[in-house]
file coords-v5.tsv (TSV, C-alpha atoms and all ligand atoms)
chain	number	residue	atom	x	y	z
A	1	MET	CA	16.41	-1.93	-14.08
A	2	THR	CA	17.16	1.76	-14.09
A	3	GLN	CA	19.11	3.81	-11.53
A	4	LEU	CA	17.43	6.88	-10.00
A	5	PHE	CA	19.44	9.93	-8.99
A	6	SER	CA	19.31	10.40	-5.24
A	7	TRP	CA	16.30	12.49	-4.28
A	8	GLN	CA	15.06	14.60	-1.39
A	9	ARG	CA	11.53	15.73	-2.28
A	10	ALA	CA	9.28	13.65	-4.53
A	11	VAL	CA	5.78	13.99	-5.89
A	12	LEU	CA	4.16	10.55	-6.02
A	13	LYS	CA	1.27	10.33	-8.47
A	14	VAL	CA	-1.17	7.50	-7.82
A	15	GLY	CA	-3.69	6.72	-10.57
A	16	SER	CA	-7.36	5.73	-10.23
A	17	ALA	CA	-6.65	2.09	-11.11
A	18	LEU	CA	-4.64	1.81	-7.88
A	19	ILE	CA	-7.04	3.76	-5.65
A	20	ALA	CA	-10.24	2.09	-6.84
A	21	PRO	CA	-9.09	-1.06	-8.67
A	22	ASP	CA	-12.62	-2.35	-9.24
A	23	GLY	CA	-13.72	1.05	-10.55
A	24	LEU	CA	-16.26	1.34	-7.77
A	25	GLN	CA	-14.82	2.24	-4.39
A	26	CYS	CA	-11.53	2.85	-2.57
A	27	SER	CA	-9.42	-0.13	-1.68
A	28	ALA	CA	-6.30	-0.89	0.38
A	29	ARG	CA	-5.16	-3.51	-2.14
A	30	TYR	CA	-2.33	-1.45	-3.64
A	31	LEU	CA	-2.16	1.49	-1.27
A	32	LEU	CA	-0.83	-0.45	1.70
A	33	THR	CA	2.49	-1.09	-0.06
A	34	ILE	CA	2.63	2.50	-1.31
A	35	ALA	CA	1.95	3.78	2.21
A	36	HIS	CA	4.80	1.62	3.58
A	37	PHE	CA	7.11	3.14	1.00
A	38	ILE	CA	6.04	6.67	1.99
A	39	THR	CA	6.59	5.94	5.68
A	40	ALA	CA	10.02	4.40	5.03
A	41	SER	CA	11.05	7.34	2.83
A	42	ARG	CA	9.95	9.85	5.45
A	43	ALA	CA	11.87	7.92	8.11
A	44	ALA	CA	14.94	8.33	5.87
A	45	GLY	CA	14.43	12.10	5.95
A	46	LYS	CA	12.82	12.46	2.53
A	47	GLU	CA	9.71	14.52	1.74
A	48	ILE	CA	6.72	13.23	-0.23
A	49	ILE	CA	3.68	14.90	-1.72
A	50	ILE	CA	0.96	12.62	-3.10
A	51	VAL	CA	-1.06	13.54	-6.17
A	52	SER	CA	-4.01	11.19	-5.89
A	53	SER	CA	-6.63	10.40	-8.51
A	54	GLY	CA	-9.66	8.29	-7.77
A	55	SER	CA	-12.34	10.69	-6.55
A	56	VAL	CA	-14.59	10.08	-9.57
A	57	ALA	CA	-13.98	6.30	-9.50
A	58	ALA	CA	-14.55	6.16	-5.73
A	59	GLY	CA	-17.80	8.14	-5.91
A	60	LYS	CA	-19.25	6.19	-8.82
A	61	SER	CA	-21.20	3.66	-6.77
A	62	GLN	CA	-23.00	6.48	-4.91
A	63	VAL	CA	-24.21	8.16	-8.12
A	64	PRO	CA	-25.27	5.20	-10.22
A	65	VAL	CA	-26.04	6.04	-13.84
A	66	THR	CA	-26.81	3.80	-16.77
A	67	HIS	CA	-25.77	6.37	-19.39
A	68	CYS	CA	-22.46	8.19	-19.94
A	69	PRO	CA	-22.40	10.53	-16.90
A	70	THR	CA	-23.05	14.24	-17.40
A	71	ILE	CA	-20.50	16.77	-16.12
A	72	ALA	CA	-22.70	17.49	-13.08
A	73	GLU	CA	-23.01	13.77	-12.32
A	74	LYS	CA	-19.24	13.35	-12.55
A	75	GLN	CA	-18.76	16.36	-10.30
A	76	ALA	CA	-21.16	14.82	-7.78
A	77	MET	CA	-19.17	11.55	-7.94
A	78	ALA	CA	-15.96	13.53	-7.36
A	79	ALA	CA	-17.44	15.40	-4.37
A	80	ILE	CA	-18.46	12.13	-2.70
A	81	GLY	CA	-15.40	10.16	-3.78
A	82	GLN	CA	-12.90	12.83	-2.69
A	83	MET	CA	-13.93	12.32	0.96
A	84	GLN	CA	-13.59	8.57	0.62
A	85	MET	CA	-10.25	8.84	-1.13
A	86	MET	CA	-8.84	11.13	1.59
A	87	ALA	CA	-10.18	8.88	4.35
A	88	ASN	CA	-8.64	5.90	2.58
A	89	TRP	CA	-5.19	7.55	2.59
A	90	GLN	CA	-5.49	8.76	6.18
A	91	ARG	CA	-6.06	5.27	7.58
A	92	PHE	CA	-2.51	4.23	6.60
A	93	PHE	CA	-0.77	7.08	8.48
A	94	ASP	CA	-0.41	8.45	12.01
A	95	ILE	CA	0.63	11.81	10.58
A	96	PRO	CA	-2.10	14.12	9.21
A	97	CYS	CA	-2.99	13.87	5.54
A	98	ALA	CA	-3.75	17.33	4.14
A	99	GLN	CA	-6.23	17.80	1.30
A	100	VAL	CA	-5.02	20.26	-1.35
A	101	LEU	CA	-7.49	20.84	-4.20
A	102	VAL	CA	-6.39	22.95	-7.15
A	103	THR	CA	-7.54	23.93	-10.63
A	104	ALA	CA	-5.57	25.03	-13.67
A	105	ALA	CA	-6.71	28.60	-12.97
A	106	ASP	CA	-5.10	28.41	-9.50
A	107	LEU	CA	-1.79	27.36	-11.05
A	108	GLN	CA	-1.94	30.17	-13.62
A	109	HIS	CA	-2.83	32.91	-11.13
A	110	ARG	CA	0.38	34.30	-9.62
A	111	GLN	CA	-1.02	35.10	-6.18
A	112	ARG	CA	-2.70	31.69	-5.87
A	113	TYR	CA	0.45	29.96	-7.18
A	114	VAL	CA	2.49	31.59	-4.44
A	115	ASN	CA	-0.20	30.63	-1.90
A	116	ILE	CA	-0.17	26.97	-3.00
A	117	GLN	CA	3.62	26.98	-2.79
A	118	ALA	CA	3.61	28.52	0.69
A	119	THR	CA	0.95	26.08	1.92
A	120	LEU	CA	2.84	23.03	0.62
A	121	ARG	CA	6.06	24.33	2.19
A	122	GLU	CA	4.25	24.80	5.51
A	123	LEU	CA	2.61	21.36	5.38
A	124	LEU	CA	5.95	19.65	4.74
A	125	ALA	CA	7.62	21.69	7.49
A	126	HIS	CA	4.95	20.45	9.91
A	127	GLY	CA	5.39	16.81	8.90
A	128	ALA	CA	1.99	16.50	7.20
A	129	LEU	CA	1.41	14.49	4.05
A	130	PRO	CA	-0.11	16.71	1.33
A	131	VAL	CA	-2.59	14.88	-0.91
A	132	VAL	CA	-3.24	16.94	-4.04
A	133	ASN	CA	-6.07	16.44	-6.54
A	134	GLU	CA	-7.81	18.59	-9.12
A	135	ASN	CA	-10.82	20.39	-7.66
A	136	ASP	CA	-13.17	18.47	-9.95
A	137	THR	CA	-16.38	19.89	-8.47
A	138	VAL	CA	-15.63	23.45	-9.60
A	139	ALA	CA	-13.36	22.94	-12.62
A	140	VAL	CA	-15.06	23.10	-15.98
A	141	ASP	CA	-13.16	22.01	-19.06
A	142	GLU	CA	-11.50	25.32	-19.84
A	143	LEU	CA	-10.29	25.71	-16.23
A	144	LYS	CA	-9.04	22.14	-15.92
A	145	VAL	CA	-5.58	20.67	-16.00
A	146	GLY	CA	-7.66	17.67	-17.08
A	147	ASP	CA	-5.50	14.79	-15.95
A	148	ASN	CA	-3.49	14.08	-12.84
A	149	ASP	CA	-0.25	13.25	-14.69
A	150	ASN	CA	0.07	16.87	-15.81
A	151	LEU	CA	-1.26	18.05	-12.44
A	152	ALA	CA	1.51	16.04	-10.76
A	153	ALA	CA	4.13	17.71	-12.99
A	154	HIS	CA	2.77	21.15	-12.06
A	155	THR	CA	2.74	20.14	-8.40
A	156	ALA	CA	6.39	19.02	-8.63
A	157	MET	CA	7.28	22.40	-10.12
A	158	VAL	CA	5.30	24.46	-7.58
A	159	ALA	CA	6.67	22.40	-4.69
A	160	GLN	CA	10.21	22.53	-6.08
A	161	ALA	CA	10.46	18.77	-5.91
A	162	ASP	CA	13.47	17.03	-7.47
A	163	THR	CA	11.56	13.90	-8.50
A	164	LEU	CA	8.19	12.88	-9.96
A	165	ILE	CA	7.17	9.24	-9.56
A	166	ILE	CA	4.10	8.22	-11.55
A	167	CYS	CA	2.58	4.99	-10.21
A	168	SER	CA	0.53	3.46	-13.00
A	169	ASP	CA	-0.88	0.04	-13.83
A	170	ILE	CA	1.91	-0.70	-16.29
A	171	ASP	CA	5.70	-1.16	-15.87
A	172	GLY	CA	6.62	2.06	-17.69
A	173	LEU	CA	6.82	3.40	-21.24
A	174	PHE	CA	6.86	0.61	-23.83
A	175	THR	CA	7.68	0.80	-27.52
A	176	ALA	CA	3.87	0.52	-28.06
A	177	ASP	CA	0.83	-0.07	-25.83
A	178	PRO	CA	1.60	-3.58	-24.51
A	179	ARG	CA	-2.12	-4.29	-24.09
A	180	ARG	CA	-2.44	-4.17	-27.88
A	181	HIS	CA	1.08	-5.14	-28.98
A	182	ALA	CA	2.39	-8.30	-27.32
A	183	ASP	CA	5.90	-7.71	-28.69
A	184	ALA	CA	6.26	-4.22	-27.13
A	185	THR	CA	9.34	-3.79	-24.92
A	186	LEU	CA	10.02	-1.57	-21.91
A	187	ILE	CA	12.11	1.56	-22.46
A	188	GLU	CA	14.25	2.02	-19.34
A	189	THR	CA	15.74	5.44	-19.96
A	190	VAL	CA	14.53	8.53	-21.79
A	191	SER	CA	16.80	11.57	-21.94
A	192	HIS	CA	15.02	13.51	-24.69
A	193	ILE	CA	11.33	13.72	-25.62
A	194	ASP	CA	10.29	14.60	-29.15
A	195	ALA	CA	7.51	13.68	-31.59
A	196	SER	CA	8.95	10.19	-32.11
A	197	VAL	CA	8.61	9.46	-28.37
A	198	TYR	CA	5.07	10.90	-28.24
A	199	ALA	CA	4.19	8.64	-31.17
A	200	LEU	CA	4.72	5.59	-28.90
A	201	ALA	CA	1.91	6.62	-26.56
A	202	GLY	CA	-1.58	5.19	-26.72
A	203	GLY	CA	-4.71	5.87	-24.66
A	204	PRO	CA	-5.76	4.69	-21.19
A	205	GLY	CA	-5.57	1.03	-20.23
A	206	SER	CA	-8.59	0.83	-17.91
A	207	ALA	CA	-12.12	2.22	-17.66
A	208	VAL	CA	-11.07	4.53	-14.80
A	209	GLY	CA	-7.79	5.84	-16.28
A	210	THR	CA	-7.51	9.26	-17.96
A	211	GLY	CA	-5.00	10.13	-20.65
A	212	GLY	CA	-3.01	6.90	-20.93
A	213	MET	CA	0.70	7.16	-21.72
A	214	LEU	CA	0.36	10.47	-23.60
A	215	THR	CA	-0.34	12.54	-20.46
A	216	LYS	CA	2.47	10.73	-18.63
A	217	LEU	CA	4.90	11.75	-21.35
A	218	GLN	CA	3.63	15.34	-21.23
A	219	ALA	CA	4.21	15.32	-17.48
A	220	ALA	CA	7.69	13.82	-17.82
A	221	HIS	CA	8.53	16.38	-20.51
A	222	LYS	CA	7.53	19.31	-18.29
A	223	CYS	CA	9.59	17.88	-15.44
A	224	MET	CA	12.68	17.27	-17.58
A	225	ASP	CA	12.55	20.89	-18.75
A	226	SER	CA	12.37	21.98	-15.11
A	227	GLY	CA	15.32	19.86	-13.98
A	228	ILE	CA	13.11	17.27	-12.27
A	229	GLN	CA	13.74	13.55	-12.84
A	230	GLY	CA	10.66	11.53	-13.75
A	231	LEU	CA	9.85	7.88	-13.27
A	232	ILE	CA	6.94	5.70	-14.40
A	233	VAL	CA	6.52	2.50	-12.40
A	234	ASN	CA	3.91	-0.18	-11.94
A	235	GLY	CA	2.13	0.67	-8.68
A	236	LYS	CA	0.51	-2.77	-8.67
A	237	ASN	CA	3.88	-4.46	-8.25
A	238	PRO	CA	4.95	-4.46	-4.57
A	239	ALA	CA	8.60	-5.19	-5.53
A	240	VAL	CA	8.78	-1.74	-7.15
A	241	PHE	CA	8.46	0.01	-3.78
A	242	GLU	CA	11.22	-2.15	-2.23
A	243	GLN	CA	13.37	-1.26	-5.23
A	244	LEU	CA	12.53	2.44	-4.97
A	245	LEU	CA	14.06	2.53	-1.48
A	246	THR	CA	17.35	1.29	-2.96
A	247	GLY	CA	17.23	3.62	-6.00
A	248	ARG	CA	17.44	0.79	-8.57
A	249	VAL	CA	14.02	0.16	-10.00
A	250	ASN	CA	12.08	-1.51	-12.77
A	251	GLY	CA	10.43	1.29	-14.76
A	252	THR	CA	11.13	4.15	-17.15
A	253	HIS	CA	13.48	6.88	-15.96
A	254	PHE	CA	13.22	10.35	-17.55
A	255	ILE	CA	16.52	12.15	-17.15
A	256	PRO	CA	16.54	15.97	-16.95
A	257	SER	CA	19.28	17.81	-18.79
A	258	HIS	CA	20.08	20.07	-15.84
A	259	SER	CA	19.49	20.44	-12.08
A	260	PRO	CA	16.22	21.89	-10.65
A	261	ALA	CA	18.16	24.81	-9.20
A	262	ARG	CA	19.64	25.63	-12.61
A	263	ALA	CA	16.30	25.26	-14.37
A	264	ARG	CA	14.59	27.50	-11.81
A	265	CYS	CA	17.35	30.08	-12.04
A	266	ALA	CA	16.99	30.12	-15.81
A	267	TRP	CA	13.20	30.51	-15.52
A	268	LEU	CA	13.48	33.35	-13.01
A	269	THR	CA	16.30	35.06	-14.89
A	270	HIS	CA	15.27	34.74	-18.50
A	271	THR	CA	11.56	33.89	-18.74
A	272	LEU	CA	9.88	36.14	-16.21
A	273	ARG	CA	9.38	39.80	-17.07
A	274	THR	CA	9.89	42.13	-14.11
A	275	ARG	CA	6.95	44.36	-13.21
A	276	GLY	CA	8.74	46.69	-10.83
A	277	THR	CA	11.78	47.27	-8.65
A	278	LEU	CA	12.55	46.97	-4.96
A	279	HIS	CA	15.34	49.27	-3.83
A	280	ILE	CA	17.13	47.83	-0.82
A	281	ASP	CA	19.76	49.09	1.63
A	282	THR	CA	23.36	47.88	1.92
A	283	GLY	CA	22.68	45.65	4.93
A	284	ALA	CA	19.90	43.79	3.13
A	285	SER	CA	22.06	43.50	0.02
A	286	GLN	CA	24.89	41.90	2.04
A	287	ALA	CA	22.47	39.48	3.73
A	288	LEU	CA	21.02	38.50	0.37
A	289	MET	CA	24.28	38.08	-1.46
A	290	THR	CA	26.55	36.58	1.20
A	291	ARG	CA	24.21	34.79	3.62
A	292	GLN	CA	21.69	33.69	0.95
A	293	THR	CA	18.79	34.99	3.06
A	294	SER	CA	15.27	35.95	2.02
A	295	LEU	CA	14.47	39.65	1.56
A	296	LEU	CA	12.59	41.10	4.55
A	297	PRO	CA	10.60	44.37	4.50
A	298	ALA	CA	13.10	46.00	6.89
A	299	GLY	CA	15.68	46.19	4.10
A	300	VAL	CA	13.39	47.74	1.48
A	301	VAL	CA	13.82	51.51	1.15
A	302	ALA	CA	11.72	52.23	-1.95
A	303	VAL	CA	9.32	50.54	-4.35
A	304	THR	CA	8.80	51.48	-7.99
A	305	GLY	CA	6.29	50.11	-10.49
A	306	SER	CA	2.86	48.63	-10.03
A	307	PHE	CA	2.74	44.86	-9.51
A	308	GLY	CA	0.75	42.15	-7.82
A	309	ALA	CA	1.78	39.50	-5.31
A	310	GLY	CA	3.53	36.68	-7.14
A	311	ASP	CA	4.96	38.97	-9.86
A	312	ALA	CA	8.66	39.12	-10.66
A	313	VAL	CA	10.59	42.21	-9.58
A	314	ALA	CA	14.15	43.42	-9.90
A	315	ILE	CA	16.04	44.02	-6.65
A	316	GLN	CA	18.44	46.95	-6.74
A	317	CYS	CA	20.99	48.37	-4.34
A	318	HIS	CA	22.29	51.88	-5.13
A	319	GLY	CA	20.87	51.61	-8.65
A	320	VAL	CA	22.53	48.27	-9.47
A	321	THR	CA	20.35	45.21	-10.08
A	322	ILE	CA	21.69	42.48	-7.83
A	323	ALA	CA	18.82	39.97	-7.85
A	324	LYS	CA	15.42	39.08	-9.20
A	325	GLY	CA	12.57	37.33	-7.44
A	326	LEU	CA	8.87	36.75	-6.93
A	327	VAL	CA	7.25	39.08	-4.39
A	328	GLN	CA	4.81	37.92	-1.72
A	329	TYR	CA	3.11	41.32	-1.39
A	330	ASP	CA	1.79	43.71	-4.06
A	331	SER	CA	3.37	47.11	-4.71
A	332	LYS	CA	0.68	49.03	-2.81
A	333	ASP	CA	1.16	46.98	0.35
A	334	LEU	CA	4.94	47.05	-0.01
A	335	LEU	CA	4.84	50.85	0.10
A	336	THR	CA	3.12	50.45	3.49
A	337	ILE	CA	5.44	47.83	4.98
A	338	LYS	CA	8.82	48.90	3.56
A	339	GLY	CA	11.27	49.54	6.41
A	340	LEU	CA	9.10	47.71	8.96
A	341	HIS	CA	10.06	44.64	10.96
A	342	SER	CA	8.29	41.50	9.84
A	343	CYS	CA	6.39	41.32	13.14
A	344	GLN	CA	4.70	44.64	12.19
A	345	ILE	CA	3.32	43.37	8.85
A	346	ALA	CA	0.03	42.02	10.20
A	347	SER	CA	-0.91	45.17	12.09
A	348	ALA	CA	0.12	47.43	9.20
A	349	LEU	CA	-1.81	45.51	6.52
A	350	GLY	CA	-4.50	43.64	8.42
A	351	TYR	CA	-3.22	40.36	6.98
A	352	TYR	CA	0.02	38.42	6.93
A	353	GLN	CA	1.48	36.53	3.96
A	354	GLY	CA	4.78	35.59	5.63
A	355	ASP	CA	7.86	37.34	7.02
A	356	GLU	CA	9.51	37.61	3.63
A	357	VAL	CA	8.98	40.13	0.84
A	358	VAL	CA	10.83	37.70	-1.45
A	359	HIS	CA	11.42	34.17	-0.14
A	360	ARG	CA	14.93	32.82	-0.82
A	361	ASP	CA	13.39	29.89	-2.77
A	362	ASN	CA	12.01	32.43	-5.24
A	363	LEU	CA	15.09	34.58	-5.57
A	364	VAL	CA	18.00	34.48	-8.00
A	365	ARG	CA	21.19	36.47	-7.34
A	366	LEU	CA	22.69	38.15	-10.40
A	367	ASN	CA	26.26	39.18	-11.26
A	368	ASP	CA	27.33	42.36	-13.09
A	369	GLY	CA	26.40	40.77	-16.41
A	370	GLY	CA	22.85	39.96	-15.23
A	371	GLN	CA	23.62	36.23	-15.05
A	372	PRO	CA	22.80	34.02	-12.02
A	373	THR	CA	25.71	33.82	-9.57
B	1	LIG	N1	3.53	3.07	-25.16
B	1	LIG	C1	2.85	2.68	-24.06
B	1	LIG	N2	3.54	2.10	-23.03
B	1	LIG	C2	2.88	1.70	-21.91
B	1	LIG	N3	1.55	1.85	-21.71
B	1	LIG	C3	0.81	2.43	-22.69
B	1	LIG	C4	1.44	2.86	-23.91
B	1	LIG	N4	0.47	3.43	-24.67
B	1	LIG	C5	-0.69	3.34	-23.99
B	1	LIG	N5	-0.50	2.75	-22.79
B	1	LIG	C6	-1.58	2.49	-21.81
B	1	LIG	O1	-1.52	3.47	-20.77
B	1	LIG	C7	-2.11	2.87	-19.62
B	1	LIG	C8	-1.82	3.68	-18.37
B	1	LIG	O2	-2.51	4.93	-18.39
B	1	LIG	P1	-3.94	5.15	-17.65
B	1	LIG	O3	-4.88	4.06	-18.06
B	1	LIG	O4	-4.34	6.56	-17.90
B	1	LIG	O5	-3.60	4.85	-16.15
B	1	LIG	P2	-3.39	5.71	-14.81
B	1	LIG	O6	-4.63	5.52	-14.03
B	1	LIG	O7	-2.18	5.08	-14.18
B	1	LIG	O8	-3.14	7.15	-15.18
B	1	LIG	C9	-1.54	1.48	-19.63
B	1	LIG	O9	-2.33	0.56	-18.91
B	1	LIG	C10	-1.45	1.13	-21.13
B	1	LIG	O10	-2.54	0.34	-21.58
B	2	LIG	N1	-9.20	14.20	-10.69
B	2	LIG	C1	-9.63	12.89	-11.19
B	2	LIG	C2	-8.46	12.12	-11.74
B	2	LIG	C3	-8.31	12.17	-13.22
B	2	LIG	C4	-7.10	11.35	-13.68
B	2	LIG	O1	-6.16	11.89	-14.25
B	2	LIG	O2	-7.15	9.98	-13.37
B	2	LIG	P1	-5.91	8.96	-13.64
B	2	LIG	O3	-5.63	8.84	-15.12
B	2	LIG	O4	-6.37	7.67	-13.03
B	2	LIG	O5	-4.72	9.50	-12.91
B	2	LIG	C5	-10.21	12.06	-10.04
B	2	LIG	O6	-9.82	12.25	-8.89
B	2	LIG	O7	-11.03	11.19	-10.33

call {"tool": "encode", "arguments": {"input": "coords-v5.tsv", "output": "structure tokens", "more": "lines below"}}
Ligand SMILES: Nc1ncnc2c1ncn2[C@@H]1O[C@H](COP(=O)(O)OP(=O)(O)O)[C@@H](O)[C@H]1O
Ligand SMILES: N[C@@H](CCC(=O)OP(=O)(O)O)C(=O)O
result
Amino acid sequence: MTQLFSWQRAVLKVGSALIAPDGLQCSARYLLTIAHFITASRAAGKEIIIVSSGSVAAGKSQVPVTHCPTIAEKQAMAAIGQMQMMANWQRFFDIPCAQVLVTAADLQHRQRYVNIQATLRELLAHGALPVVNENDTVAVDELKVGDNDNLAAHTAMVAQADTLIICSDIDGLFTADPRRHADATLIETVSHIDASVYALAGGPGSAVGTGGMLTKLQAAHKCMDSGIQGLIVNGKNPAVFEQLLTGRVNGTHFIPSHSPARARCAWLTHTLRTRGTLHIDTGASQALMTRQTSLLPAGVVAVTGSFGAGDAVAIQCHGVTIAKGLVQYDSKDLLTIKGLHSCQIASALGYYQGDEVVHRDNLVRLNDGGQPT
């Protein structure tokens, strides 16, 4: 048994073998227990985002082929199966399930990244249950994340989750693939991933699985670097979901070296190159620094540089850089809305991306030395 850190927002990845256990169509066999866990967690005030596989497996019976399916055939299976997979989730909940389909290109494009983030935030605020999958019908290989383990890690990062739970068909990471090595033993805790850990991973364990343990380790690695704890559990074992509610669980726990807030601060401060500067007035500066607010257009007095929505900018007051953040509007539109109240944004621009120029979740406050405060 391993002990989870307490969590508030988790991404729960559910693999094809749990959605469509016979490799043909969606089933309630394993999802009922998972749905109970989600409902109990929500009742305890926690937030959950599902990353669900299974569209290809669920659509298989409707596009029968005797050969290895072509890309177009797989995409047709995904298009049919996605509907069935969503309907299968919805029947376990009174709250709305919300379909969120993304591609790798969406996650790499700053504007779309910010849009996905804002949509997930809004869905959670309205009590909906986001169900994320790769948009398999449009993604070709070079635009694909390719597997839902890595997609779940990206989703956890975009959604600023503190926890990623991967529900697989195996108890966790073993010293070797237990389907081939009877003497393999479960590793309960991983606090560092290097080549020797990757060397333990073999391929998928079922005809419907993608990636096997390798993609789960890649996902855990990304999360650990982002301050997000990871967990691999056996989604076929109902006891796991009882245990998850207590925090002590049978599985493999991936321990991050620092908190999500610290990892995000480091990313915003050190990794992102600023594309321009927002010059703000004293009132906005005080609100930002002492009340930890978002930056609204009313406080912006000038905009320099040319940047797009989602880019990083420096925030200056009287020539001193006091913060850094990701903007929700591009430089051209910011020149139009600077100084306006947020309620005037829509009429000034003809669209509305939110009240904030920089949302407080995407903002890091800096001290004189340029370090996060
Ligand atoms: N070191 C390992 N520890 C545990 N499982 C492993 C290992 N190496 C390979 N596997 C295989 O990975 C499988 C899980 O991955 P996969 O089949 O892609 O399932 P999912 O649908 O949950 O993503 C297991 O059933 C197991 O056979
Ligand atoms: N996007 C694909 C899932 C691919 C995938 O990673 O599957 P799995 O290894 O079962 O999590 C689908 O919905 O079929």

call {"tool": "closest_residue", "arguments": {"input": "coords-v5.tsv", "among": "A:Ala182, A:Met157, A:Ile345, A:Val56", "to": "Ala263 of chain A", "atoms": "all atoms listed in the file"}}
result
A:Met157

call {"tool": "closest_residue", "arguments": {"input": "coords-v5.tsv", "among": "A:Cys223, A:Val114, A:Ile315, A:Met289", "to": "Gln353 of chain A", "atoms": "only C-alpha atoms"}}
result
A:Val114

call {"tool": "closest_residue", "arguments": {"input": "coords-v5.tsv", "among": "A:Arg264, A:Arg29, A:Lys216, A:Arg275", "to": "Gly172 of chain A", "atoms": "only C-alpha atoms"}}
result
A:Lys216

call {"tool": "residues_around", "arguments": {"input": "coords-v5.tsv", "residues": "Leu101 of chain A", "least_positions_apart": "2", "cutoff": "12 Å", "atoms": "all atoms listed in the file", "output": "count of residues only"}}
result
36

call {"tool": "axis_aligned_box", "arguments": {"input": "coords-v5.tsv", "around": "segment 73-86 of chain A", "padding_each_side": "8 Å", "output": "AutoDock Vina command-line options"}}
result
--center_x -15.9 --center_y 12.5 --center_z -5.5 --size_x 30.2 --size_y 23.8 --size_z 30.1

call {"tool": "closest_residue", "arguments": {"input": "coords-v5.tsv", "among": "A:Ala219, A:Leu363, A:Val320, A:Ala159", "to": "ligand LIG 2 (chain B)", "atoms": "only C-alpha atoms and all ligand atoms"}}
result
A:Ala219

call {"tool": "residues_near_ligand", "arguments": {"input": "coords-v5.tsv", "ligand": "ligand LIG 1 (chain B)", "cutoff": "9 Å", "atoms": "all atoms listed in the file", "output": "number ranges by chain"}}
result
A: 13-19, 53-54, 147-149, 166-180, 184-187, 197-216, 234-235

call {"tool": "residues_near_point", "arguments": {"input": "coords-v5.tsv", "point": "(20.6, 21.0, -13.4)", "cutoff": "10 Å", "atoms": "only C-alpha atoms", "output": "MDAnalysis selection string"}}
result
chainID A and resid 224:228 256:265

call {"tool": "write_last_selection", "arguments": {"input": "coords-v5.tsv", "atoms": "C-alpha atoms", "output": "CSV table (one decimal), in the frame of the given file"}}
result
chain,number,residue,atom,x,y,z
A,224,MET,CA,12.7,17.3,-17.6
A,225,ASP,CA,12.6,20.9,-18.8
A,226,SER,CA,12.4,22.0,-15.1
A,227,GLY,CA,15.3,19.9,-14.0
A,228,ILE,CA,13.1,17.3,-12.3
A,256,PRO,CA,16.5,16.0,-17.0
A,257,SER,CA,19.3,17.8,-18.8
A,258,HIS,CA,20.1,20.1,-15.8
A,259,SER,CA,19.5,20.4,-12.1
A,260,PRO,CA,16.2,21.9,-10.6
A,261,ALA,CA,18.2,24.8,-9.2
A,262,ARG,CA,19.6,25.6,-12.6
A,263,ALA,CA,16.3,25.3,-14.4
A,264,ARG,CA,14.6,27.5,-11.8
A,265,CYS,CA,17.4,30.1,-12.0

call {"tool": "atom_distance", "arguments": {"input": "coords-v5.tsv", "atom1": "atom CA of Ser61 of chain A", "atom2": "atom CA of Ile80 of chain A"}}
result
9.8 Å

call {"tool": "atom_distance", "arguments": {"input": "coords-v5.tsv", "atom1": "atom CA of Met85 of chain A", "atom2": "atom CA of Leu164 of chain A"}}
result
20.8 Å

call {"tool": "closest_residue", "arguments": {"input": "coords-v5.tsv", "among": "A:Asn150, A:Gln8, A:Gln90, A:Ser342", "to": "ligand LIG 2 (chain B)", "atoms": "all atoms listed in the file"}}
result
A:Asn150

call {"tool": "residues_near_point", "arguments": {"input": "coords-v5.tsv", "point": "(7.8, 48.9, -2.1)", "cutoff": "7 Å", "atoms": "all atoms listed in the file", "output": "ChimeraX atom specification"}}
result
/A:278,300,302-304,331,334-335,338

call {"tool": "atom_distance", "arguments": {"input": "coords-v5.tsv", "atom1": "atom CA of Phe93 of chain A", "atom2": "atom CA of Phe241 of chain A"}}
result
16.9 Å
